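First the structure, in the form of structure tokens, and then the observations on it.
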Amino acid sequence: MVKLNLHFSGGLELLFGNQKEYSVDVPHEPPSELKVGQLLVWTRDHLLTERPELFMKDKTVRPGILVLVNDVDWELSGTLDSELVDGDNVVFISTLHGG
Amino acid sequence: MVKLNLHFSGGLELLFGNQKEYSVDVPHEPPSELKVGQLLVWTRDHLLTERPELFMKDKTVRPGILVLVNDVDWELSGTLDSELVDGDNVVFISTLHGG
Amino acid sequence: SGCSEHSLSNHQIKRYSRQLLLPSFGVQAQERLSKASVLVVGAGGLGCPSSLYLAAAGVGHLTIVDHDSVEVSNLHRQISHTEAATGESKALSAAVACMAINSSIQVDAWPTGFKPHNALELVQRHSVVIDASDNSPTRYLLSDACAISKTPLVSGAAIGFDAQLTVYCHGSQGPCYRCIFPEAPMPRACASCSDAGVLGPVPGVIGVLQALEAIKIVTQVGTPLSQTLLLFDGMASSFRSVKIRPKRPTCAACGQQPTITADSLPAYDYTAFTGSTGQQLNG
Amino acid sequence: SGCSEHSLSNHQIKRYSRQLLLPSFGVQAQERLSKASVLVVGAGGLGCPSSLYLAAAGVGHLTIVDHDSVEVSNLHRQISHTEAATGESKALSAAVACMAINSSIQVDAWPTGFKPHNALELVQRHSVVIDASDNSPTRYLLSDACAISKTPLVSGAAIGFDAQLTVYCHGSQGPCYRCIFPEAPMPRACASCSDAGVLGPVPGVIGVLQALEAIKIVTQVGTPLSQTLLLFDGMASSFRSVKIRPKRPTCAACGQQPTITADSLPAYDYTAFTGSTGQQLNG
Ligand SMILES: [Zn+2]
Ligand SMILES: [Zn+2]
């Protein structure tokens with residue numbers, strides 16, 4: 001199990017029961033590390049309550065969603081291959097267009 | 001030595017060479033813990049560059065200054081007796097009146 | 001109206017439609033807003049944006065207090081005041097700007113200022129108070145009046161590139177200003193915007209956030225910043241939220257045996273307490 | 001003037017005195033501000049506070065673009081527009097509000113909107129651009145024009161209680177919008193304020209912060225939010241700063257071999273790229 005704090009914002013929380021913060025235990029077998037790509041699938045299957053196509057597209061997030069691991073863009077840590085450990089914060093943000 | 005991050009704001013930074021952030025090693029002998037009261041004296045003697053009366057009054061901070069240990073009011077951790085360990089953040093804020 | 005049970009007119013439905021659309025806000029919050037009254041003390045860098053956003057959102061009754069007149073050096077940050085208003089009462093100028101945005105609410109200008117003799121009466125008539133003042137004695141006076149009347153106080157302050165925001169006197173546990181600062185700072189530790197300068201958007205950001213806090217409090221939507229102090233550093237455009245103490249049982253204003261009461265407040269010497277000169281006591 | 005070497009008039013010294021007093025700002029920053037030009041695209045919930053604070057601070061030349069007219073449902077958040085301006089051009093109404101605060105600067109209203117055929121020309125004439133638009137195609141168009149002309153872009157967005165702020169196309173390492181979002185989201189993932197609602201102070205806070213970022217960029221004071229995204233949650237009044245990627249070498253707009261260029265941009269089909277309907281493309 002890996003203990004993570006997940007945060008959804010920019011309207012994404014509406015796909016997750018209108019809840020912005022989740023503290024979760026994600027099942028995982030050592031020795032390899034849990035990767036963000038695996039977390040995405042687990043999140044979709046266990047937390048998402050509606051319209052999965054607004055969260056994922058193929059094996060990654062849909063266009064317009066930014067993923068941050070410990071407040072840093074996942075692009076800087078390997079996107080789907082970013083490794084997660086106990087206590088990590090993962091933030092999913094949908095880019096906003098309103099003004 | 002205790003490694004601390006100090007932050008001065010609300011105009012207090014003007015007493016500390018106009019620098020808001022300091023990473024410091026504060027000399028300290030175990031086994032007792034370093035206390036905020038001791039940090040105040042060390043800060044005044046080693047970092048303060050002018051007008052000590054605008055930072056301290058007697059053995060504590062002057063009225064109008066708020067002290068936060070790891071982003072929590074020092075009133076909740078024992079004021080002058082609050083204990084500090086490596087990596088702690090201590091914030092000194094002067095209350096503002098302008099508008 | 002007519003399609004569901006509420007007191008909003010068709011014009012209100014249209015005007016506030018983008019707020020009513022929000023599931024977490026909706027008709028109920030808008031009705032609470034239209035029944036609420038907000039006292040804004042100070043029509044300067046904080047009070048201008050604060051009162052404009054409160055008026056626009058549809059707060060039923062707004063009172064704006066300030067005994068100063070508009071000066072040309074105010075215009076860089078006090079966005080309710082136009083060049084044409086130079087020399088006029090700030091309270092009146094800010095009220096006129098609010099009414100131009102929303103003529104369907106009541107806006108009162110109070111150009112005589114906020115003083116110990118009228119403080120409690122003014123505060124008690126409102127649901128929530130905005131501290132948009134610019135000096136230490138007024139900040140203690142406002143807090144005491146709010147502590148006595150148990151009125152939530154949205155307190156903002158700014159100078160240079162720095163600003164602060166919190167809510168005092170909120171709920172059973174929320175501290176007042178005196179709980180945090182029982183002893184007043186000496187006057188020379190208190191820079192004002194006139195002395196030390198301020199960049200306009202710095203109080204601007206805090207003023208808009210003060211309107212938001214007041215809206216959240218009167219509508220009971222969201223979590224107000226009680227026991228939380230928000231710090232803003234404009235140089236880095238960064239914010240920091242810190243946790244502050246709850247109400248202090250021994251507080252002279254909001255504690256269990258207060259010495260500052262409805263009876264004693266009008267005679268309390270705020271200028272002596274803060275060591276200020278008399279001219280500094282104003283809204 | 002005369003007492004020291006600068007180009008400010010006595011009136012400017014008086015008007016901007018509270019900024020000039022700031023040691024980190026002073027006369028030099030004010031001179032840079034008065035020589036700068038800012039393009040504000042959108043005169044809505046973000047563009048109103050943004051343009052008011054820029055005008056008040058003394059930006060020498062302000063251009064406000066919006067092809068819409070003021071509607072009564074705008075008034076709850078678009079604080080430059082009065083009830084009397086309902087039906088008028090938003091760009092013009094916002095410009096009039098700016099000129100009433102500061103007649104000593106030049107303010108141009110551009111009521112024909114921001115389109116691929118005029119985007120680059122408009123952007124190139126300004127020192128910095130404010131993205132205060134309300135739709136996905138305009139956000140890509142603005143970013144592309146800023147990437148081509150290497151003009152810093154202060155991008156704000158808001159909906160409901162949520163908002164975001166960052167600076168694109170800043171310096172040699174700052175990313176553009178396409179670096180972060182190379183593929184456009186599908187239209188049904190893009191809620192607008194008209195569809196989903198928004199509380200007025202939420203874009204208000206971000207609009208004021210956009211003015212502050214633009215001021216910091218043109219005066220070279222402080223650290224702009226490049227490679228940093230500021231997230232605002234109005235329900236909790238909390239902010240979070242996150243670190244975002246630098247410029248992407250393969251970016252179609254700002255990369256080493258861009259396919260979107262001054263030549264190709266006017267014919268680029270933004271509505272097709274974002275899957276939007278034509279009517280959404282506006283400033
Ligand atoms: Zn108290
Ligand atoms: Zn790019």
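Chain labels A, B, ... are given in the sequence in which chains occur in the structure tokens; within each chain residues are numbered consecutively from 1, and ligands are likewise numbered from 1 in the order shown.
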
7 Å shell around ligand 1 using only C-alpha atoms and all ligand atoms, listed as JSON, numbers by chain: {"C": [147, 175, 176, 177, 178, 179, 247, 248, 251, 252, 253, 254, 255]}

For the residues selected in the previous step, produce a file with N, CA, C and O atoms as a PDB file, in the first residue's frame.
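Output below, filename selection_18.pdb:
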```
ATOM      1  N   ALA C 147     -16.185  42.730  18.870  1.00  0.00           N
ATOM      2  CA  ALA C 147     -16.137  41.737  19.948  1.00  0.00           C
ATOM      3  C   ALA C 147     -17.371  41.887  20.841  1.00  0.00           C
ATOM      4  O   ALA C 147     -18.025  40.909  21.186  1.00  0.00           O
ATOM      5  N   PRO C 175     -10.764  34.444  17.425  1.00  0.00           N
ATOM      6  CA  PRO C 175     -10.161  35.493  18.249  1.00  0.00           C
ATOM      7  C   PRO C 175     -10.547  36.882  17.750  1.00  0.00           C
ATOM      8  O   PRO C 175     -11.016  37.027  16.617  1.00  0.00           O
ATOM      9  N   CYS C 176     -10.345  37.894  18.601  1.00  0.00           N
ATOM     10  CA  CYS C 176     -10.451  39.273  18.153  1.00  0.00           C
ATOM     11  C   CYS C 176      -9.018  39.800  17.957  1.00  0.00           C
ATOM     12  O   CYS C 176      -8.036  39.085  18.206  1.00  0.00           O
ATOM     13  N   TYR C 177      -8.908  41.033  17.483  1.00  0.00           N
ATOM     14  CA  TYR C 177      -7.578  41.618  17.225  1.00  0.00           C
ATOM     15  C   TYR C 177      -6.768  41.687  18.512  1.00  0.00           C
ATOM     16  O   TYR C 177      -5.560  41.437  18.533  1.00  0.00           O
ATOM     17  N   ARG C 178      -7.450  41.993  19.633  1.00  0.00           N
ATOM     18  CA  ARG C 178      -6.774  42.083  20.929  1.00  0.00           C
ATOM     19  C   ARG C 178      -6.292  40.723  21.443  1.00  0.00           C
ATOM     20  O   ARG C 178      -5.351  40.666  22.242  1.00  0.00           O
ATOM     21  N   CYS C 179      -6.961  39.645  21.062  1.00  0.00           N
ATOM     22  CA  CYS C 179      -6.504  38.304  21.459  1.00  0.00           C
ATOM     23  C   CYS C 179      -5.104  38.064  20.894  1.00  0.00           C
ATOM     24  O   CYS C 179      -4.275  37.407  21.522  1.00  0.00           O
ATOM     25  N   LYS C 247      -9.693  32.319  20.422  1.00  0.00           N
ATOM     26  CA  LYS C 247     -10.064  33.336  21.401  1.00  0.00           C
ATOM     27  C   LYS C 247      -9.304  33.136  22.712  1.00  0.00           C
ATOM     28  O   LYS C 247      -9.135  32.002  23.176  1.00  0.00           O
ATOM     29  N   ARG C 248      -8.852  34.233  23.324  1.00  0.00           N
ATOM     30  CA  ARG C 248      -8.103  34.166  24.566  1.00  0.00           C
ATOM     31  C   ARG C 248      -9.074  34.417  25.743  1.00  0.00           C
ATOM     32  O   ARG C 248      -9.698  35.481  25.790  1.00  0.00           O
ATOM     33  N   CYS C 251      -8.998  37.752  27.379  1.00  0.00           N
ATOM     34  CA  CYS C 251      -8.998  38.947  26.519  1.00  0.00           C
ATOM     35  C   CYS C 251      -9.875  40.049  27.123  1.00  0.00           C
ATOM     36  O   CYS C 251     -11.004  39.798  27.567  1.00  0.00           O
ATOM     37  N   ALA C 252      -9.346  41.272  27.093  1.00  0.00           N
ATOM     38  CA  ALA C 252     -10.072  42.416  27.666  1.00  0.00           C
ATOM     39  C   ALA C 252     -11.345  42.744  26.894  1.00  0.00           C
ATOM     40  O   ALA C 252     -12.266  43.362  27.417  1.00  0.00           O
ATOM     41  N   ALA C 253     -11.409  42.314  25.623  1.00  0.00           N
ATOM     42  CA  ALA C 253     -12.574  42.658  24.800  1.00  0.00           C
ATOM     43  C   ALA C 253     -13.535  41.487  24.601  1.00  0.00           C
ATOM     44  O   ALA C 253     -14.753  41.652  24.695  1.00  0.00           O
ATOM     45  N   CYS C 254     -13.001  40.282  24.320  1.00  0.00           N
ATOM     46  CA  CYS C 254     -13.891  39.161  23.981  1.00  0.00           C
ATOM     47  C   CYS C 254     -13.753  38.005  24.961  1.00  0.00           C
ATOM     48  O   CYS C 254     -14.295  36.928  24.724  1.00  0.00           O
ATOM     49  N   GLY C 255     -13.001  38.197  26.074  1.00  0.00           N
ATOM     50  CA  GLY C 255     -12.788  37.123  27.043  1.00  0.00           C
ATOM     51  C   GLY C 255     -13.979  36.903  27.964  1.00  0.00           C
ATOM     52  O   GLY C 255     -15.072  37.430  27.733  1.00  0.00           O
TER      53      GLY C 255
END
```

DSSP-assigned strand (DSSP E) among chain A, expressed as a PyMOL selection string: chain A and resi 2-9+21-26+34-35+56-57+60-61+65-69+72-73+83-84+89-94

Would you list which chain C residues are within 12 Å of chain A using only C-alpha atoms, as a PyMOL selection string? chain C and resi 18+22-24

Expected answer as a short mmCIF file (atom, residue, chain, number, x, y, z; two decimals) with N, CA, C and O atoms, in the first residue's frame: helix (DSSP H, G or I) residues in segment 71-230 of chain D:
```cif
data_model
loop_
_atom_site.label_atom_id
_atom_site.label_comp_id
_atom_site.auth_asym_id
_atom_site.auth_seq_id
_atom_site.Cartn_x
_atom_site.Cartn_y
_atom_site.Cartn_z
N VAL D 72 -26.59 42.94 -18.49
CA VAL D 72 -26.88 43.10 -17.06
C VAL D 72 -26.30 41.94 -16.25
O VAL D 72 -25.91 42.12 -15.08
N SER D 73 -26.15 40.76 -16.86
CA SER D 73 -25.59 39.61 -16.13
C SER D 73 -24.07 39.71 -15.99
O SER D 73 -23.45 38.88 -15.33
N ASN D 74 -23.46 40.73 -16.60
CA ASN D 74 -22.02 40.96 -16.43
C ASN D 74 -21.73 41.79 -15.17
O ASN D 74 -20.63 41.75 -14.63
N GLU D 83 -24.42 50.32 -14.74
CA GLU D 83 -25.75 50.01 -15.30
C GLU D 83 -25.98 50.84 -16.56
O GLU D 83 -26.56 50.36 -17.54
N ALA D 84 -25.52 52.09 -16.53
CA ALA D 84 -25.74 53.00 -17.66
C ALA D 84 -25.03 52.53 -18.92
O ALA D 84 -25.40 52.94 -20.03
N ALA D 85 -24.02 51.68 -18.77
CA ALA D 85 -23.26 51.22 -19.93
C ALA D 85 -23.86 49.98 -20.58
O ALA D 85 -23.35 49.50 -21.60
N LYS D 90 -18.06 46.74 -24.52
CA LYS D 90 -17.31 46.51 -23.28
C LYS D 90 -15.94 47.18 -23.33
O LYS D 90 -15.46 47.72 -22.33
N ALA D 91 -15.30 47.12 -24.49
CA ALA D 91 -13.96 47.71 -24.63
C ALA D 91 -14.03 49.20 -24.34
O ALA D 91 -13.21 49.76 -23.61
N LEU D 92 -15.05 49.85 -24.91
CA LEU D 92 -15.20 51.29 -24.75
C LEU D 92 -15.57 51.64 -23.31
O LEU D 92 -15.01 52.55 -22.71
N SER D 93 -16.50 50.89 -22.75
CA SER D 93 -16.93 51.14 -21.37
C SER D 93 -15.75 50.99 -20.40
O SER D 93 -15.56 51.82 -19.50
N ALA D 94 -14.95 49.96 -20.59
CA ALA D 94 -13.78 49.76 -19.71
C ALA D 94 -12.76 50.87 -19.92
O ALA D 94 -12.13 51.33 -18.94
N ALA D 95 -12.59 51.32 -21.15
CA ALA D 95 -11.63 52.39 -21.44
C ALA D 95 -12.08 53.70 -20.79
O ALA D 95 -11.26 54.44 -20.23
N VAL D 96 -13.37 53.98 -20.86
CA VAL D 96 -13.91 55.20 -20.25
C VAL D 96 -13.65 55.18 -18.74
O VAL D 96 -13.25 56.20 -18.15
N ALA D 97 -13.85 54.03 -18.11
CA ALA D 97 -13.61 53.91 -16.67
C ALA D 97 -12.14 54.16 -16.34
O ALA D 97 -11.82 54.82 -15.34
N CYS D 98 -11.26 53.67 -17.17
CA CYS D 98 -9.82 53.89 -16.96
C CYS D 98 -9.46 55.37 -17.11
O CYS D 98 -8.70 55.92 -16.31
N MET D 99 -10.03 56.01 -18.12
CA MET D 99 -9.70 57.42 -18.36
C MET D 99 -10.25 58.33 -17.27
O MET D 99 -9.66 59.36 -16.98
N ALA D 100 -11.35 57.92 -16.64
CA ALA D 100 -11.90 58.72 -15.54
C ALA D 100 -10.96 58.70 -14.33
O ALA D 100 -10.90 59.66 -13.57
N ILE D 101 -10.21 57.61 -14.18
CA ILE D 101 -9.24 57.50 -13.09
C ILE D 101 -7.95 58.20 -13.45
O ILE D 101 -7.31 58.83 -12.61
N PRO D 116 -7.24 36.12 -35.61
CA PRO D 116 -5.95 35.72 -36.20
C PRO D 116 -5.37 36.79 -37.14
O PRO D 116 -4.16 36.98 -37.18
N HIS D 117 -6.22 37.52 -37.85
CA HIS D 117 -5.67 38.47 -38.83
C HIS D 117 -5.11 39.73 -38.18
O HIS D 117 -4.27 40.42 -38.77
N ASN D 118 -5.55 40.08 -36.94
CA ASN D 118 -4.99 41.29 -36.30
C ASN D 118 -4.15 40.97 -35.06
O ASN D 118 -3.57 41.86 -34.45
N ALA D 119 -4.10 39.69 -34.67
CA ALA D 119 -3.48 39.31 -33.40
C ALA D 119 -2.02 39.76 -33.30
O ALA D 119 -1.63 40.45 -32.35
N LEU D 120 -1.25 39.39 -34.29
CA LEU D 120 0.19 39.64 -34.21
C LEU D 120 0.51 41.13 -34.23
O LEU D 120 1.36 41.61 -33.47
N GLU D 121 -0.21 41.86 -35.07
CA GLU D 121 0.01 43.29 -35.16
C GLU D 121 -0.29 43.98 -33.82
O GLU D 121 0.47 44.81 -33.35
N LEU D 122 -1.43 43.58 -33.22
CA LEU D 122 -1.81 44.15 -31.93
C LEU D 122 -0.79 43.82 -30.84
O LEU D 122 -0.36 44.68 -30.08
N VAL D 123 -0.42 42.56 -30.76
CA VAL D 123 0.50 42.12 -29.71
C VAL D 123 1.85 42.82 -29.84
O VAL D 123 2.42 43.30 -28.86
N GLN D 124 2.36 42.89 -31.06
CA GLN D 124 3.70 43.45 -31.28
C GLN D 124 3.84 44.90 -30.86
O GLN D 124 4.95 45.37 -30.60
N SER D 136 -11.20 29.00 -25.04
CA SER D 136 -10.00 28.25 -25.39
C SER D 136 -9.34 28.71 -26.71
O SER D 136 -8.13 28.91 -26.75
N PRO D 137 -10.09 28.94 -27.81
CA PRO D 137 -9.41 29.37 -29.05
C PRO D 137 -8.66 30.69 -28.88
O PRO D 137 -7.52 30.82 -29.37
N THR D 138 -9.25 31.66 -28.19
CA THR D 138 -8.56 32.93 -27.99
C THR D 138 -7.29 32.75 -27.15
O THR D 138 -6.26 33.39 -27.40
N ARG D 139 -7.34 31.84 -26.17
CA ARG D 139 -6.15 31.60 -25.33
C ARG D 139 -4.99 31.03 -26.15
O ARG D 139 -3.84 31.41 -25.96
N TYR D 140 -5.29 30.11 -27.08
CA TYR D 140 -4.22 29.59 -27.96
C TYR D 140 -3.72 30.67 -28.92
O TYR D 140 -2.53 30.81 -29.14
N LEU D 141 -4.66 31.45 -29.48
CA LEU D 141 -4.27 32.50 -30.42
C LEU D 141 -3.36 33.52 -29.74
O LEU D 141 -2.31 33.91 -30.28
N LEU D 142 -3.75 33.94 -28.55
CA LEU D 142 -2.95 34.91 -27.79
C LEU D 142 -1.56 34.37 -27.49
O LEU D 142 -0.55 35.06 -27.64
N SER D 143 -1.51 33.12 -27.05
CA SER D 143 -0.23 32.53 -26.70
C SER D 143 0.66 32.42 -27.92
O SER D 143 1.85 32.73 -27.87
N ASP D 144 0.09 32.01 -29.05
CA ASP D 144 0.89 31.87 -30.28
C ASP D 144 1.45 33.24 -30.70
O ASP D 144 2.63 33.35 -31.05
N ALA D 145 0.61 34.26 -30.67
CA ALA D 145 1.06 35.59 -31.07
C ALA D 145 2.16 36.09 -30.13
O ALA D 145 3.14 36.72 -30.55
N CYS D 146 2.03 35.80 -28.84
CA CYS D 146 3.05 36.22 -27.87
C CYS D 146 4.34 35.39 -28.04
O CYS D 146 5.44 35.92 -27.87
N ALA D 147 4.20 34.11 -28.37
CA ALA D 147 5.37 33.26 -28.58
C ALA D 147 6.16 33.76 -29.79
O ALA D 147 7.39 33.89 -29.74
N ILE D 148 5.45 34.08 -30.88
CA ILE D 148 6.12 34.55 -32.10
C ILE D 148 6.83 35.87 -31.85
O ILE D 148 7.97 36.07 -32.27
N SER D 149 6.16 36.78 -31.15
CA SER D 149 6.73 38.13 -30.96
C SER D 149 7.53 38.24 -29.67
O SER D 149 8.00 39.33 -29.34
N TYR D 177 1.63 28.72 -23.62
CA TYR D 177 0.45 27.92 -23.28
C TYR D 177 0.50 26.55 -23.96
O TYR D 177 0.17 25.53 -23.37
N ARG D 178 0.99 26.53 -25.21
CA ARG D 178 1.09 25.28 -25.96
C ARG D 178 2.16 24.34 -25.39
O ARG D 178 2.09 23.12 -25.59
N CYS D 179 3.18 24.89 -24.75
CA CYS D 179 4.19 24.03 -24.11
C CYS D 179 3.53 23.17 -23.03
O CYS D 179 3.90 22.02 -22.82
N ILE D 180 2.58 23.76 -22.33
CA ILE D 180 1.90 23.05 -21.23
C ILE D 180 0.75 22.21 -21.76
O ILE D 180 0.54 21.09 -21.31
N PRO D 187 -14.17 20.47 -26.40
CA PRO D 187 -15.01 21.60 -25.98
C PRO D 187 -15.87 21.31 -24.75
O PRO D 187 -16.04 22.16 -23.89
N ARG D 188 -16.39 20.09 -24.62
CA ARG D 188 -17.30 19.87 -23.48
C ARG D 188 -16.54 19.78 -22.15
O ARG D 188 -17.15 19.74 -21.09
N ALA D 189 -15.20 19.75 -22.20
CA ALA D 189 -14.42 19.82 -20.96
C ALA D 189 -14.14 21.28 -20.59
O ALA D 189 -13.53 21.55 -19.57
N CYS D 193 -17.84 30.87 -17.99
CA CYS D 193 -18.54 31.50 -16.87
C CYS D 193 -20.04 31.61 -17.16
O CYS D 193 -20.86 31.55 -16.26
N SER D 194 -20.40 31.78 -18.46
CA SER D 194 -21.82 31.90 -18.80
C SER D 194 -22.53 30.58 -18.55
O SER D 194 -23.67 30.55 -18.12
N ASP D 195 -21.85 29.47 -18.84
CA ASP D 195 -22.48 28.17 -18.66
C ASP D 195 -22.45 27.71 -17.21
O ASP D 195 -23.42 27.17 -16.70
N ALA D 196 -21.30 27.90 -16.57
CA ALA D 196 -21.08 27.25 -15.28
C ALA D 196 -21.16 28.19 -14.10
O ALA D 196 -21.25 27.75 -12.96
N PRO D 201 -15.81 38.07 -7.03
CA PRO D 201 -14.46 38.34 -6.51
C PRO D 201 -13.41 37.32 -6.95
O PRO D 201 -12.21 37.60 -6.84
N VAL D 202 -13.83 36.17 -7.48
CA VAL D 202 -12.85 35.14 -7.86
C VAL D 202 -12.03 35.61 -9.08
O VAL D 202 -10.80 35.71 -8.99
N PRO D 203 -12.68 35.97 -10.22
CA PRO D 203 -11.87 36.62 -11.26
C PRO D 203 -11.32 37.96 -10.80
O PRO D 203 -10.25 38.37 -11.26
N GLY D 204 -12.01 38.62 -9.87
CA GLY D 204 -11.53 39.91 -9.37
C GLY D 204 -10.14 39.83 -8.78
O GLY D 204 -9.26 40.62 -9.11
N VAL D 205 -9.92 38.87 -7.91
CA VAL D 205 -8.61 38.68 -7.28
C VAL D 205 -7.55 38.43 -8.35
O VAL D 205 -6.47 39.02 -8.32
N ILE D 206 -7.88 37.57 -9.31
CA ILE D 206 -6.90 37.21 -10.35
C ILE D 206 -6.64 38.40 -11.28
O ILE D 206 -5.50 38.64 -11.68
N GLY D 207 -7.68 39.16 -11.60
CA GLY D 207 -7.48 40.33 -12.46
C GLY D 207 -6.54 41.35 -11.82
O GLY D 207 -5.66 41.90 -12.49
N VAL D 208 -6.70 41.59 -10.52
CA VAL D 208 -5.80 42.52 -9.83
C VAL D 208 -4.38 41.96 -9.84
O VAL D 208 -3.40 42.69 -10.07
N LEU D 209 -4.25 40.66 -9.59
CA LEU D 209 -2.91 40.03 -9.63
C LEU D 209 -2.31 40.09 -11.03
O LEU D 209 -1.08 40.21 -11.16
N GLN D 210 -3.14 40.03 -12.06
CA GLN D 210 -2.61 40.17 -13.43
C GLN D 210 -2.01 41.56 -13.64
O GLN D 210 -0.95 41.70 -14.26
N ALA D 211 -2.71 42.58 -13.12
CA ALA D 211 -2.15 43.94 -13.21
C ALA D 211 -0.81 44.01 -12.50
O ALA D 211 0.17 44.57 -13.01
N LEU D 212 -0.74 43.40 -11.32
CA LEU D 212 0.51 43.40 -10.55
C LEU D 212 1.64 42.71 -11.33
O LEU D 212 2.77 43.22 -11.40
N GLU D 213 1.35 41.56 -11.94
CA GLU D 213 2.38 40.85 -12.72
C GLU D 213 2.86 41.71 -13.89
O GLU D 213 4.06 41.77 -14.16
N ALA D 214 1.92 42.36 -14.58
CA ALA D 214 2.30 43.20 -15.72
C ALA D 214 3.18 44.37 -15.24
O ALA D 214 4.18 44.70 -15.88
N ILE D 215 2.81 44.97 -14.11
CA ILE D 215 3.61 46.08 -13.55
C ILE D 215 5.02 45.57 -13.21
O ILE D 215 6.02 46.23 -13.51
N LYS D 216 5.09 44.40 -12.57
CA LYS D 216 6.40 43.86 -12.20
C LYS D 216 7.26 43.59 -13.44
O LYS D 216 8.46 43.84 -13.46
N ILE D 217 6.64 43.07 -14.50
CA ILE D 217 7.39 42.75 -15.71
C ILE D 217 7.93 44.02 -16.37
O ILE D 217 9.12 44.11 -16.67
N VAL D 218 7.07 45.03 -16.56
CA VAL D 218 7.55 46.21 -17.29
C VAL D 218 8.50 47.06 -16.46
O VAL D 218 9.36 47.75 -17.02
N THR D 219 8.38 47.02 -15.12
CA THR D 219 9.29 47.81 -14.29
C THR D 219 10.54 47.04 -13.89
O THR D 219 11.47 47.61 -13.32
#
```

Find the residues near segment 28-31 of chain B: any atom within 12 Å, counting only C-alpha atoms, skip ones fewer than 6 places away on the same chain, and give them as a PyMOL selection string. chain B and resi 1-3+38-39+42+84-86

Write the selection just made, keeping N, CA and C atoms, as a CSV table (one decimal), in the first residue's frame?
```csv
chain,number,residue,atom,x,y,z
B,1,MET,N,24.4,22.5,16.8
B,1,MET,CA,23.8,23.4,15.7
B,1,MET,C,22.4,22.9,15.4
B,2,VAL,N,21.4,23.8,15.2
B,2,VAL,CA,20.1,23.5,14.7
B,2,VAL,C,19.9,24.3,13.4
B,3,LYS,N,19.5,23.6,12.4
B,3,LYS,CA,19.3,24.2,11.1
B,3,LYS,C,17.9,24.7,11.0
B,38,GLN,N,15.6,31.4,23.1
B,38,GLN,CA,17.0,31.5,22.8
B,38,GLN,C,17.3,31.9,21.3
B,39,LEU,N,16.4,31.5,20.4
B,39,LEU,CA,16.6,31.9,19.0
B,39,LEU,C,16.4,33.4,18.9
B,42,TRP,N,19.6,35.1,19.8
B,42,TRP,CA,20.6,34.8,18.8
B,42,TRP,C,20.4,35.6,17.5
B,84,LEU,N,12.6,23.9,19.1
B,84,LEU,CA,12.9,23.9,17.7
B,84,LEU,C,13.8,22.7,17.4
B,85,VAL,N,13.6,22.1,16.2
B,85,VAL,CA,14.4,21.0,15.7
B,85,VAL,C,14.9,21.3,14.3
B,86,ASP,N,15.9,20.6,13.8
B,86,ASP,CA,16.4,20.8,12.5
B,86,ASP,C,15.2,20.9,11.4
```

Applying 8 Å and only C-alpha atoms, which residues near Leu75 of chain C remain after dropping the ones on its own chain fewer than 4 positions away? List them as a PyMOL selection string. (chain C and resi 71+79+81-83) or (chain D and resi 15+56+101-102)

I want to know what sits within 6 Å of Val107 of chain C, based on only C-alpha atoms, with residues of the same chain fewer than 5 positions away left out; could you give that as a VMD selection string? chain C and resid 61 to 63

Ranking C:Ile159, C:Val128, C:Ala272, C:Val38 by minimum distance to chain D and counting only C-alpha atoms, which one comes first?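 Ranked by minimum distance to chain D, first place goes to C:Ile159.
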
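Omitting Leu47 of chain B and its sequence neighbours fewer than 3 positions away, and counting only C-alpha atoms, the residues within 12 Å are Leu6, His7, Phe8, Leu12, Glu13, Leu14, Leu15, Phe16, Gly17, Asn18, Gln19, Lys20, Glu21, Tyr22, Ser23, Val24, Asp25, Val26, Leu39, Leu40, Val41, Trp42, Thr43, Arg44, Glu50, Arg51, Pro52 and Phe55 of chain B.
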
Can I get the selected residues back with C-alpha atoms, as a short mmCIF file (atom, residue, chain, number, x, y, z; two decimals), in the first residue's frame?
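Output saved as again-v6.cif:
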```cif
data_model
loop_
_atom_site.label_atom_id
_atom_site.label_comp_id
_atom_site.auth_asym_id
_atom_site.auth_seq_id
_atom_site.Cartn_x
_atom_site.Cartn_y
_atom_site.Cartn_z
CA LEU B 6 13.76 32.14 9.25
CA HIS B 7 11.35 34.44 7.46
CA PHE B 8 10.77 38.13 8.23
CA LEU B 12 10.56 43.49 9.86
CA GLU B 13 12.89 42.54 7.00
CA LEU B 14 14.07 46.17 7.03
CA LEU B 15 15.70 45.46 10.41
CA PHE B 16 17.46 42.44 8.91
CA GLY B 17 19.33 43.94 6.00
CA ASN B 18 16.18 44.03 3.84
CA GLN B 19 16.38 40.25 3.48
CA LYS B 20 13.21 38.21 4.01
CA GLU B 21 14.62 34.67 4.11
CA TYR B 22 17.52 33.30 6.12
CA SER B 23 18.79 29.72 6.36
CA VAL B 24 20.76 29.56 9.58
CA ASP B 25 22.67 27.17 11.83
CA VAL B 26 22.00 28.18 15.41
CA LEU B 39 16.55 31.90 19.02
CA LEU B 40 15.24 35.44 19.57
CA VAL B 41 18.40 36.47 21.38
CA TRP B 42 20.65 34.78 18.80
CA THR B 43 18.71 36.41 15.94
CA ARG B 44 18.99 39.84 17.52
CA GLU B 50 19.47 48.06 13.17
CA ARG B 51 17.03 49.31 15.81
CA PRO B 52 16.82 46.26 18.12
CA PHE B 55 12.36 43.67 17.26
#
```
